[in-house]
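Next up, query.pdb (PDB, C-alpha atoms, pLDDT in the B column):
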ATOM      1  CA  MET A   6       2.543   5.292 -30.285  1.00 45.00           C
ATOM      2  CA  ALA A   7       2.863   8.960 -29.319  1.00 43.00           C
ATOM      3  CA  GLY A   8       1.465   8.626 -25.790  1.00 44.00           C
ATOM      4  CA  VAL A   9       4.209   6.243 -24.729  1.00 51.00           C
ATOM      5  CA  VAL A  10       6.964   8.542 -25.974  1.00 50.00           C
ATOM      6  CA  SER A  11       6.199  10.945 -23.126  1.00 64.00           C
ATOM      7  CA  LEU A  12       7.198   8.240 -20.618  1.00 71.00           C
ATOM      8  CA  ASN A  13      10.647   7.834 -22.167  1.00 72.00           C
ATOM      9  CA  LEU A  14      12.362  11.034 -21.108  1.00 70.00           C
ATOM     10  CA  GLY A  15      16.052  11.526 -20.466  1.00 68.00           C
ATOM     11  CA  GLN A  16      17.524  13.466 -17.555  1.00 66.00           C
ATOM     12  CA  ASP A  17      17.257  16.584 -19.718  1.00 74.00           C
ATOM     13  CA  GLY A  18      13.483  16.125 -19.847  1.00 71.00           C
ATOM     14  CA  GLN A  19      13.514  15.478 -23.597  1.00 76.00           C
ATOM     15  CA  PRO A  20      12.120  12.340 -25.257  1.00 74.00           C
ATOM     16  CA  THR A  21      14.600   9.534 -25.790  1.00 74.00           C
ATOM     17  CA  ASN A  22      14.445   6.154 -27.472  1.00 74.00           C
ATOM     18  CA  PRO A  23      13.627   3.237 -25.160  1.00 75.00           C
ATOM     19  CA  HIS A  24      16.494   0.775 -24.995  1.00 77.00           C
ATOM     20  CA  MET A  25      14.342  -2.329 -25.369  1.00 82.00           C
ATOM     21  CA  PRO A  26      11.949  -3.058 -28.267  1.00 88.00           C
ATOM     22  CA  VAL A  27       8.930  -2.732 -25.985  1.00 88.00           C
ATOM     23  CA  ALA A  28       6.196  -2.983 -28.614  1.00 90.00           C
ATOM     24  CA  ASP A  29       7.885  -5.982 -30.209  1.00 93.00           C
ATOM     25  CA  VAL A  30       8.087  -7.749 -26.852  1.00 93.00           C
ATOM     26  CA  THR A  31       4.552  -6.996 -25.719  1.00 93.00           C
ATOM     27  CA  GLY A  32       3.124  -7.800 -29.139  1.00 94.00           C
ATOM     28  CA  ALA A  33       4.909 -11.159 -29.275  1.00 95.00           C
ATOM     29  CA  MET A  34       3.901 -12.091 -25.724  1.00 94.00           C
ATOM     30  CA  THR A  35       0.282 -11.135 -26.366  1.00 96.00           C
ATOM     31  CA  ALA A  36       0.269 -13.202 -29.565  1.00 96.00           C
ATOM     32  CA  LEU A  37       1.715 -16.165 -27.670  1.00 95.00           C
ATOM     33  CA  MET A  38      -0.961 -15.884 -24.977  1.00 95.00           C
ATOM     34  CA  GLY A  39      -3.678 -15.637 -27.605  1.00 96.00           C
ATOM     35  CA  ILE A  40      -2.388 -18.672 -29.507  1.00 96.00           C
ATOM     36  CA  SER A  41      -2.115 -20.683 -26.283  1.00 95.00           C
ATOM     37  CA  MET A  42      -5.701 -19.819 -25.302  1.00 96.00           C
ATOM     38  CA  ALA A  43      -6.971 -20.589 -28.799  1.00 95.00           C
ATOM     39  CA  LEU A  44      -5.243 -23.984 -28.761  1.00 95.00           C
ATOM     40  CA  LEU A  45      -6.771 -24.747 -25.372  1.00 95.00           C
ATOM     41  CA  ARG A  46     -10.200 -23.729 -26.711  1.00 95.00           C
ATOM     42  CA  ARG A  47      -9.703 -26.040 -29.678  1.00 95.00           C
ATOM     43  CA  GLU A  48      -8.866 -28.909 -27.339  1.00 95.00           C
ATOM     44  CA  LYS A  49     -11.967 -28.186 -25.235  1.00 95.00           C
ATOM     45  CA  THR A  50     -14.501 -27.421 -27.971  1.00 96.00           C
ATOM     46  CA  GLY A  51     -12.999 -28.460 -31.294  1.00 95.00           C
ATOM     47  CA  GLN A  52     -13.441 -24.864 -32.482  1.00 93.00           C
ATOM     48  CA  GLY A  53     -10.587 -22.874 -33.990  1.00 90.00           C
ATOM     49  CA  ASP A  54     -10.327 -19.098 -33.914  1.00 92.00           C
ATOM     50  CA  TYR A  55      -8.764 -16.065 -35.593  1.00 93.00           C
ATOM     51  CA  ILE A  56      -6.473 -13.874 -33.478  1.00 94.00           C
ATOM     52  CA  ASN A  57      -6.133 -10.146 -34.152  1.00 96.00           C
ATOM     53  CA  VAL A  58      -3.168  -8.683 -32.199  1.00 95.00           C
ATOM     54  CA  SER A  59      -1.985  -5.076 -32.417  1.00 95.00           C
ATOM     55  CA  MET A  60       1.446  -4.039 -31.111  1.00 94.00           C
ATOM     56  CA  GLN A  61      -0.061  -0.751 -29.940  1.00 93.00           C
ATOM     57  CA  ASP A  62      -2.913  -2.467 -28.083  1.00 95.00           C
ATOM     58  CA  ALA A  63      -0.475  -4.893 -26.486  1.00 94.00           C
ATOM     59  CA  THR A  64       1.728  -2.050 -25.227  1.00 92.00           C
ATOM     60  CA  MET A  65      -1.203  -0.028 -23.886  1.00 92.00           C
ATOM     61  CA  VAL A  66      -2.381  -2.818 -21.596  1.00 92.00           C
ATOM     62  CA  TRP A  67       1.009  -2.762 -19.844  1.00 91.00           C
ATOM     63  CA  LEU A  68       0.475   0.833 -18.693  1.00 88.00           C
ATOM     64  CA  PRO A  69      -2.114   0.633 -15.859  1.00 87.00           C
ATOM     65  CA  ASN A  70       0.401   1.605 -13.167  1.00 84.00           C
ATOM     66  CA  VAL A  71       1.171   4.930 -14.882  1.00 85.00           C
ATOM     67  CA  VAL A  72      -2.158   6.087 -16.325  1.00 88.00           C
ATOM     68  CA  GLY A  73      -3.598   7.333 -13.029  1.00 87.00           C
ATOM     69  CA  PRO A  74      -2.918  11.014 -13.841  1.00 87.00           C
ATOM     70  CA  VAL A  75      -4.437  10.581 -17.312  1.00 89.00           C
ATOM     71  CA  PHE A  76      -7.614   8.827 -16.170  1.00 92.00           C
ATOM     72  CA  THR A  77      -8.276  10.635 -12.891  1.00 91.00           C
ATOM     73  CA  GLU A  78      -6.691  14.086 -13.332  1.00 90.00           C
ATOM     74  CA  ASN A  79      -6.886  14.539 -17.120  1.00 93.00           C
ATOM     75  CA  ARG A  80      -3.164  15.298 -17.444  1.00 89.00           C
ATOM     76  CA  SER A  81       0.008  13.639 -18.628  1.00 85.00           C
ATOM     77  CA  PRO A  82       2.351  12.221 -15.979  1.00 84.00           C
ATOM     78  CA  ARG A  83       5.027  14.575 -14.682  1.00 84.00           C
ATOM     79  CA  ILE A  84       7.719  11.971 -15.123  1.00 79.00           C
ATOM     80  CA  LYS A  85      10.240  13.047 -12.471  1.00 79.00           C
ATOM     81  CA  GLU A  86       7.474  13.485  -9.897  1.00 83.00           C
ATOM     82  CA  GLU A  87       5.522  10.262 -10.414  1.00 83.00           C
ATOM     83  CA  ARG A  88       5.837   7.281  -8.104  1.00 81.00           C
ATOM     84  CA  SER A  89       7.179   4.818 -10.654  1.00 77.00           C
ATOM     85  CA  PHE A  90       9.717   7.147 -12.267  1.00 80.00           C
ATOM     86  CA  GLY A  91      11.672   8.511  -9.332  1.00 77.00           C
ATOM     87  CA  GLY A  92       9.174  10.818  -7.646  1.00 87.00           C
ATOM     88  CA  TYR A  93       9.914   9.007  -4.407  1.00 91.00           C
ATOM     89  CA  ALA A  94      13.376   9.435  -2.933  1.00 94.00           C
ATOM     90  CA  PHE A  95      13.537   5.662  -2.579  1.00 93.00           C
ATOM     91  CA  PHE A  96      13.064   5.004  -6.305  1.00 89.00           C
ATOM     92  CA  PRO A  97      15.635   7.095  -8.256  1.00 87.00           C
ATOM     93  CA  ILE A  98      19.052   6.232  -9.624  1.00 91.00           C
ATOM     94  CA  TYR A  99      21.931   7.751  -7.645  1.00 95.00           C
ATOM     95  CA  GLN A 100      25.497   8.394  -8.783  1.00 96.00           C
ATOM     96  CA  THR A 101      28.431   7.086  -6.753  1.00 97.00           C
ATOM     97  CA  SER A 102      31.877   8.631  -6.303  1.00 98.00           C
ATOM     98  CA  ASP A 103      33.340   6.651  -9.234  1.00 97.00           C
ATOM     99  CA  ARG A 104      30.628   7.997 -11.561  1.00 95.00           C
ATOM    100  CA  LYS A 105      28.796   4.696 -11.546  1.00 95.00           C
ATOM    101  CA  HIS A 106      25.271   4.311 -10.188  1.00 95.00           C
ATOM    102  CA  ILE A 107      23.055   2.490  -7.741  1.00 95.00           C
ATOM    103  CA  VAL A 108      19.266   2.366  -7.547  1.00 94.00           C
ATOM    104  CA  LEU A 109      16.724   2.077  -4.746  1.00 94.00           C
ATOM    105  CA  GLY A 110      13.540   0.199  -5.584  1.00 90.00           C
ATOM    106  CA  GLY A 111      11.178   0.076  -2.620  1.00 89.00           C
ATOM    107  CA  VAL A 112       9.169   2.651  -0.630  1.00 89.00           C
ATOM    108  CA  GLU A 113       7.805   0.241   1.967  1.00 92.00           C
ATOM    109  CA  ASP A 114       8.153   1.365   5.578  1.00 93.00           C
ATOM    110  CA  LYS A 115      10.805  -1.193   6.517  1.00 95.00           C
ATOM    111  CA  PHE A 116      13.150  -0.109   3.718  1.00 96.00           C
ATOM    112  CA  ILE A 117      12.852   3.570   4.629  1.00 96.00           C
ATOM    113  CA  HIS A 118      13.384   2.921   8.347  1.00 96.00           C
ATOM    114  CA  THR A 119      16.337   0.605   7.749  1.00 97.00           C
ATOM    115  CA  LEU A 120      18.236   2.867   5.351  1.00 97.00           C
ATOM    116  CA  LEU A 121      17.718   6.224   7.051  1.00 97.00           C
ATOM    117  CA  ASN A 122      18.470   4.802  10.491  1.00 97.00           C
ATOM    118  CA  ALA A 123      21.625   3.165   9.142  1.00 97.00           C
ATOM    119  CA  LEU A 124      22.664   6.510   7.635  1.00 97.00           C
ATOM    120  CA  GLU A 125      21.839   8.271  10.924  1.00 96.00           C
ATOM    121  CA  ARG A 126      19.111  10.449   9.391  1.00 97.00           C
ATOM    122  CA  ALA A 127      16.011   9.227  11.197  1.00 97.00           C
ATOM    123  CA  ASP A 128      14.753  12.823  11.052  1.00 97.00           C
ATOM    124  CA  LEU A 129      13.963  12.289   7.342  1.00 97.00           C
ATOM    125  CA  ILE A 130      11.808   9.190   7.814  1.00 96.00           C
ATOM    126  CA  LEU A 131       8.437  10.929   8.037  1.00 95.00           C
ATOM    127  CA  MET A 132       9.261  13.049   5.003  1.00 94.00           C
ATOM    128  CA  ALA A 133      10.160   9.919   3.011  1.00 94.00           C
ATOM    129  CA  PHE A 134       6.690   8.542   3.810  1.00 92.00           C
ATOM    130  CA  GLY A 135       5.077  11.546   2.124  1.00 90.00           C
ATOM    131  CA  PRO A 136       3.667  11.734  -1.410  1.00 90.00           C
ATOM    132  CA  PRO A 137       5.980  11.595  -4.444  1.00 89.00           C
ATOM    133  CA  GLY A 138       7.200  14.815  -5.986  1.00 89.00           C
ATOM    134  CA  PRO A 139       8.806  18.017  -4.648  1.00 91.00           C
ATOM    135  CA  ALA A 140       8.049  17.155  -0.997  1.00 92.00           C
ATOM    136  CA  GLN A 141      10.597  14.343  -1.290  1.00 93.00           C
ATOM    137  CA  GLU A 142      13.380  16.697  -2.343  1.00 94.00           C
ATOM    138  CA  PRO A 143      15.148  16.986   1.064  1.00 96.00           C
ATOM    139  CA  VAL A 144      15.389  13.186   1.293  1.00 96.00           C
ATOM    140  CA  ARG A 145      16.502  12.894  -2.315  1.00 94.00           C
ATOM    141  CA  GLY A 146      19.071  15.653  -1.800  1.00 96.00           C
ATOM    142  CA  PHE A 147      20.554  13.901   1.218  1.00 98.00           C
ATOM    143  CA  LEU A 148      20.729  10.539  -0.557  1.00 97.00           C
ATOM    144  CA  THR A 149      22.284  12.187  -3.620  1.00 97.00           C
ATOM    145  CA  GLU A 150      25.072  13.625  -1.463  1.00 98.00           C
ATOM    146  CA  ILE A 151      25.679  10.551   0.685  1.00 98.00           C
ATOM    147  CA  PHE A 152      25.840   8.091  -2.220  1.00 98.00           C
ATOM    148  CA  GLN A 153      28.511  10.243  -3.875  1.00 98.00           C
ATOM    149  CA  THR A 154      30.842   9.637  -0.925  1.00 98.00           C
ATOM    150  CA  ARG A 155      31.677   6.021  -1.853  1.00 98.00           C
ATOM    151  CA  LYS A 156      32.327   3.901  -4.921  1.00 98.00           C
ATOM    152  CA  ARG A 157      29.605   1.617  -6.250  1.00 97.00           C
ATOM    153  CA  ALA A 158      31.420  -1.520  -5.085  1.00 97.00           C
ATOM    154  CA  GLU A 159      31.751  -0.055  -1.585  1.00 98.00           C
ATOM    155  CA  TRP A 160      28.002   0.596  -1.454  1.00 98.00           C
ATOM    156  CA  GLU A 161      27.321  -2.936  -2.657  1.00 96.00           C
ATOM    157  CA  ASN A 162      29.308  -4.247   0.298  1.00 97.00           C
ATOM    158  CA  TRP A 163      27.601  -1.821   2.673  1.00 97.00           C
ATOM    159  CA  PHE A 164      24.124  -2.942   1.612  1.00 97.00           C
ATOM    160  CA  GLN A 165      24.839  -6.681   1.853  1.00 95.00           C
ATOM    161  CA  ASP A 166      23.667  -7.159   5.457  1.00 94.00           C
ATOM    162  CA  LYS A 167      20.754  -4.721   5.259  1.00 95.00           C
ATOM    163  CA  ASP A 168      17.146  -5.465   4.303  1.00 93.00           C
ATOM    164  CA  ILE A 169      16.812  -2.719   1.715  1.00 94.00           C
ATOM    165  CA  CYS A 170      15.531  -2.894  -1.869  1.00 93.00           C
ATOM    166  CA  PHE A 171      18.769  -1.916  -3.613  1.00 94.00           C
ATOM    167  CA  ALA A 172      20.774  -2.841  -6.712  1.00 95.00           C
ATOM    168  CA  PRO A 173      23.869  -1.644  -8.544  1.00 96.00           C
ATOM    169  CA  VAL A 174      23.202  -0.221 -12.003  1.00 94.00           C
ATOM    170  CA  LEU A 175      25.179  -2.449 -14.349  1.00 93.00           C
ATOM    171  CA  ASP A 176      26.183  -1.988 -17.935  1.00 92.00           C
ATOM    172  CA  LEU A 177      25.131  -4.750 -20.315  1.00 91.00           C
ATOM    173  CA  LYS A 178      28.509  -6.511 -20.185  1.00 93.00           C
ATOM    174  CA  GLU A 179      28.471  -6.519 -16.379  1.00 94.00           C
ATOM    175  CA  ALA A 180      24.890  -7.782 -16.317  1.00 94.00           C
ATOM    176  CA  TRP A 181      25.678 -10.850 -18.443  1.00 94.00           C
ATOM    177  CA  ALA A 182      28.651 -11.660 -16.190  1.00 94.00           C
ATOM    178  CA  GLN A 183      26.562 -11.899 -13.002  1.00 94.00           C
ATOM    179  CA  PRO A 184      26.573 -15.196 -11.033  1.00 94.00           C
ATOM    180  CA  GLN A 185      22.761 -15.344 -11.185  1.00 94.00           C
ATOM    181  CA  VAL A 186      22.913 -15.378 -14.989  1.00 94.00           C
ATOM    182  CA  ALA A 187      25.373 -18.271 -14.887  1.00 93.00           C
ATOM    183  CA  SER A 188      23.392 -20.246 -12.312  1.00 93.00           C
ATOM    184  CA  ARG A 189      20.217 -19.879 -14.387  1.00 92.00           C
ATOM    185  CA  GLU A 190      22.145 -20.923 -17.534  1.00 91.00           C
ATOM    186  CA  MET A 191      20.964 -17.814 -19.360  1.00 93.00           C
ATOM    187  CA  LEU A 192      24.300 -17.509 -21.184  1.00 93.00           C
ATOM    188  CA  PHE A 193      26.085 -20.439 -22.794  1.00 91.00           C
ATOM    189  CA  ARG A 194      28.526 -21.276 -25.560  1.00 91.00           C
ATOM    190  CA  ASP A 195      27.990 -23.673 -28.418  1.00 89.00           C
ATOM    191  CA  GLN A 196      30.611 -26.124 -29.648  1.00 87.00           C
ATOM    192  CA  ALA A 197      32.130 -23.441 -31.842  1.00 87.00           C
ATOM    193  CA  GLY A 198      32.518 -21.106 -28.863  1.00 91.00           C
ATOM    194  CA  ASN A 199      29.750 -18.692 -29.859  1.00 91.00           C
ATOM    195  CA  LEU A 200      27.710 -17.123 -27.061  1.00 93.00           C
ATOM    196  CA  HIS A 201      23.934 -17.628 -26.933  1.00 92.00           C
ATOM    197  CA  ILE A 202      21.067 -16.533 -24.705  1.00 93.00           C
ATOM    198  CA  GLY A 203      19.491 -19.400 -22.762  1.00 92.00           C
ATOM    199  CA  THR A 204      15.821 -20.162 -22.254  1.00 90.00           C
ATOM    200  CA  PRO A 205      13.836 -18.442 -19.449  1.00 90.00           C
ATOM    201  CA  LEU A 206      11.321 -21.323 -19.351  1.00 87.00           C
ATOM    202  CA  ASN A 207      12.431 -24.154 -17.110  1.00 87.00           C
ATOM    203  CA  PHE A 208      10.081 -27.134 -17.051  1.00 89.00           C
ATOM    204  CA  LYS A 209      10.839 -29.707 -14.366  1.00 89.00           C
ATOM    205  CA  ASN A 210       9.933 -32.739 -16.476  1.00 91.00           C
ATOM    206  CA  GLU A 211      10.993 -31.468 -19.897  1.00 88.00           C
ATOM    207  CA  PRO A 212      13.952 -29.061 -19.651  1.00 84.00           C
ATOM    208  CA  GLY A 213      14.326 -26.550 -22.446  1.00 82.00           C
ATOM    209  CA  SER A 214      17.002 -27.212 -25.045  1.00 81.00           C
ATOM    210  CA  PRO A 215      17.613 -24.318 -27.460  1.00 82.00           C
ATOM    211  CA  SER A 216      18.054 -25.356 -31.073  1.00 81.00           C
ATOM    212  CA  LEU A 217      21.243 -23.911 -32.536  1.00 84.00           C
ATOM    213  CA  THR A 218      20.793 -25.366 -36.013  1.00 80.00           C
ATOM    214  CA  LEU A 219      20.604 -22.756 -38.769  1.00 78.00           C
ATOM    215  CA  PRO A 220      17.776 -23.453 -41.249  1.00 82.00           C
ATOM    216  CA  GLU A 221      18.537 -23.987 -44.896  1.00 85.00           C
ATOM    217  CA  LEU A 222      17.316 -21.398 -47.408  1.00 87.00           C
ATOM    218  CA  ASN A 223      13.475 -21.486 -47.448  1.00 85.00           C
ATOM    219  CA  GLU A 224      13.505 -24.575 -45.187  1.00 83.00           C
ATOM    220  CA  HIS A 225      10.467 -23.242 -43.340  1.00 78.00           C
ATOM    221  CA  GLY A 226       8.976 -21.367 -46.264  1.00 78.00           C
ATOM    222  CA  ASN A 227       6.473 -24.026 -47.379  1.00 67.00           C
ATOM    223  CA  MET A 228       5.006 -25.075 -44.069  1.00 55.00           C
ATOM    224  CA  PHE A 229       1.380 -24.467 -45.103  1.00 51.00           C
TER     225      PHE A 229
END

Translate this structure into structure tokens?
Amino acid sequence: MAGVVSLNLGQDGQPTNPHMPVADVTGAMTALMGISMALLRREKTGQGDYINVSMQDATMVWLPNVVGPVFTENRSPRIKEERSFGGYAFFPIYQTSDRKHIVLGGVEDKFIHTLLNALERADLILMAFGPPGPAQEPVRGFLTEIFQTRKRAEWENWFQDKDICFAPVLDLKEAWAQPQVASREMLFRDQAGNLHIGTPLNFKNEPGSPSLTLPELNEHGNMF
């Protein structure tokens, strides 16, 4: 889908591969929703249905928050200037002194006031309230410099008692080792010690229980 490629740009401004199989995910989720609705319709009316799902269609319907420039201004998004991709100084990824990264994720008034007051730069608050794009550059420049003065872990500690939409940027190994992942049982080992991804669906009355049994050759090949 060529139109989506233009949203996946690296820091050099050139297209890059997305690091999640987006079309696969959206296509599968759309198919699941369609099947669920068709089953409900069958229960209500006794009528079956045929579901036609396109991976491209499924991906396109996830884009309403970024198609404003296309629909209203007849242009492609300027990625580094758009709201959702770092055009606001309170949305980009910032490097820390140990060459790791942190990210800000909220442009609401309270986050801007809290952070810039805590960093003793209240003079930048009004500018941070402005539109995304080049006008945000002085705020972004200041935050770029200040975040490079401490290590990522030091910033994590600094942010702990502040109401600011913030997160460390973790590599995949770090992400799976987070306490939240453990508490949600999203990573577990089987009896042989192999790691598995848990289930994100948690029913109160019927807890999920992933099946770890490998099917025999063609075990599911003659289901119909």

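Residues selected in this file by the PyMOL selection byres ((chain A and resi 114-120) around 9) comprise Phe95, Gly111, Val112, Glu113, Leu121, Asn122, Ala123, Leu124, Glu125, Arg126, Ala127, Ile130, Ala133, Phe134, Lys167, Asp168, Ile169 and Cys170 of chain A.
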
| query | Using the chain letters and numbers from the file, which residues does the PyMOL selection byres ((chain A and resi 39) around 12) grab, as JSON, numbers by chain? | reply | {"A": [32, 33, 34, 35, 36, 37, 38, 40, 41, 42, 43, 44, 45, 46, 53, 54, 55, 56, 57, 58, 59, 63]}

| said: Residue by residue, what does the PyMOL selection byres ((chain A and resi 145) around 12) grab here? Present the result as a count of residues only. | reply: 33

| task | May I ask which of the residues A:Thr77, A:Pro20, A:Lys156, A:Asn70 is the closest one to Ser89 in chain A, counting all atoms listed in the file? | result |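 Nearest to Ser89 in chain A: A:Asn70.
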
| said: When you count all atoms listed in the file, which of these residues is closest to Lys105 in chain A: A:Leu131, A:Ile84, A:Val30, A:Val174? | reply: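 Checking each candidate against Lys105 in chain A, we get A:Val174 as the closest.
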
| query | Which residue, A:Trp181, A:Arg47, A:Gln153, A:Leu219, has the smallest gap to Gly203 in chain A when you use all atoms listed in the file? | reply | A:Trp181

Please give the centre and size of the box around range 144-159 of chain A (axis-aligned, containing every atom listed in the file, 8 Å added per side), with values in Å to one decimal and written as JSON.
{"center_x": 23.9, "center_y": 7.1, "center_z": -2.5, "size_x": 32.9, "size_y": 33.2, "size_z": 23.5}

| task | Could you tell me how far CA of Asp103 in chain A lies from CA of Arg157 in chain A, in Å and to one decimal? | result |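 Value for the CA of Asp103 in chain A-CA of Arg157 in chain A distance: 6.9 Å.
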
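In this comparison, which uses only C-alpha atoms, the residue of A:Leu192, A:Met60, A:Val71, A:Leu14 approaching Asp29 in chain A most closely is A:Met60.
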
| field | Straight-line distance linking CA of Ala28 in chain A with CA of Asn79 in chain A, stated in Å to one decimal | value |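 Computing it gives 24.7 Å between the two atoms.
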
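Atom pair CA of Thr31 in chain A / CA of Thr64 in chain A has a distance of 5.7 Å (rounded to one decimal).
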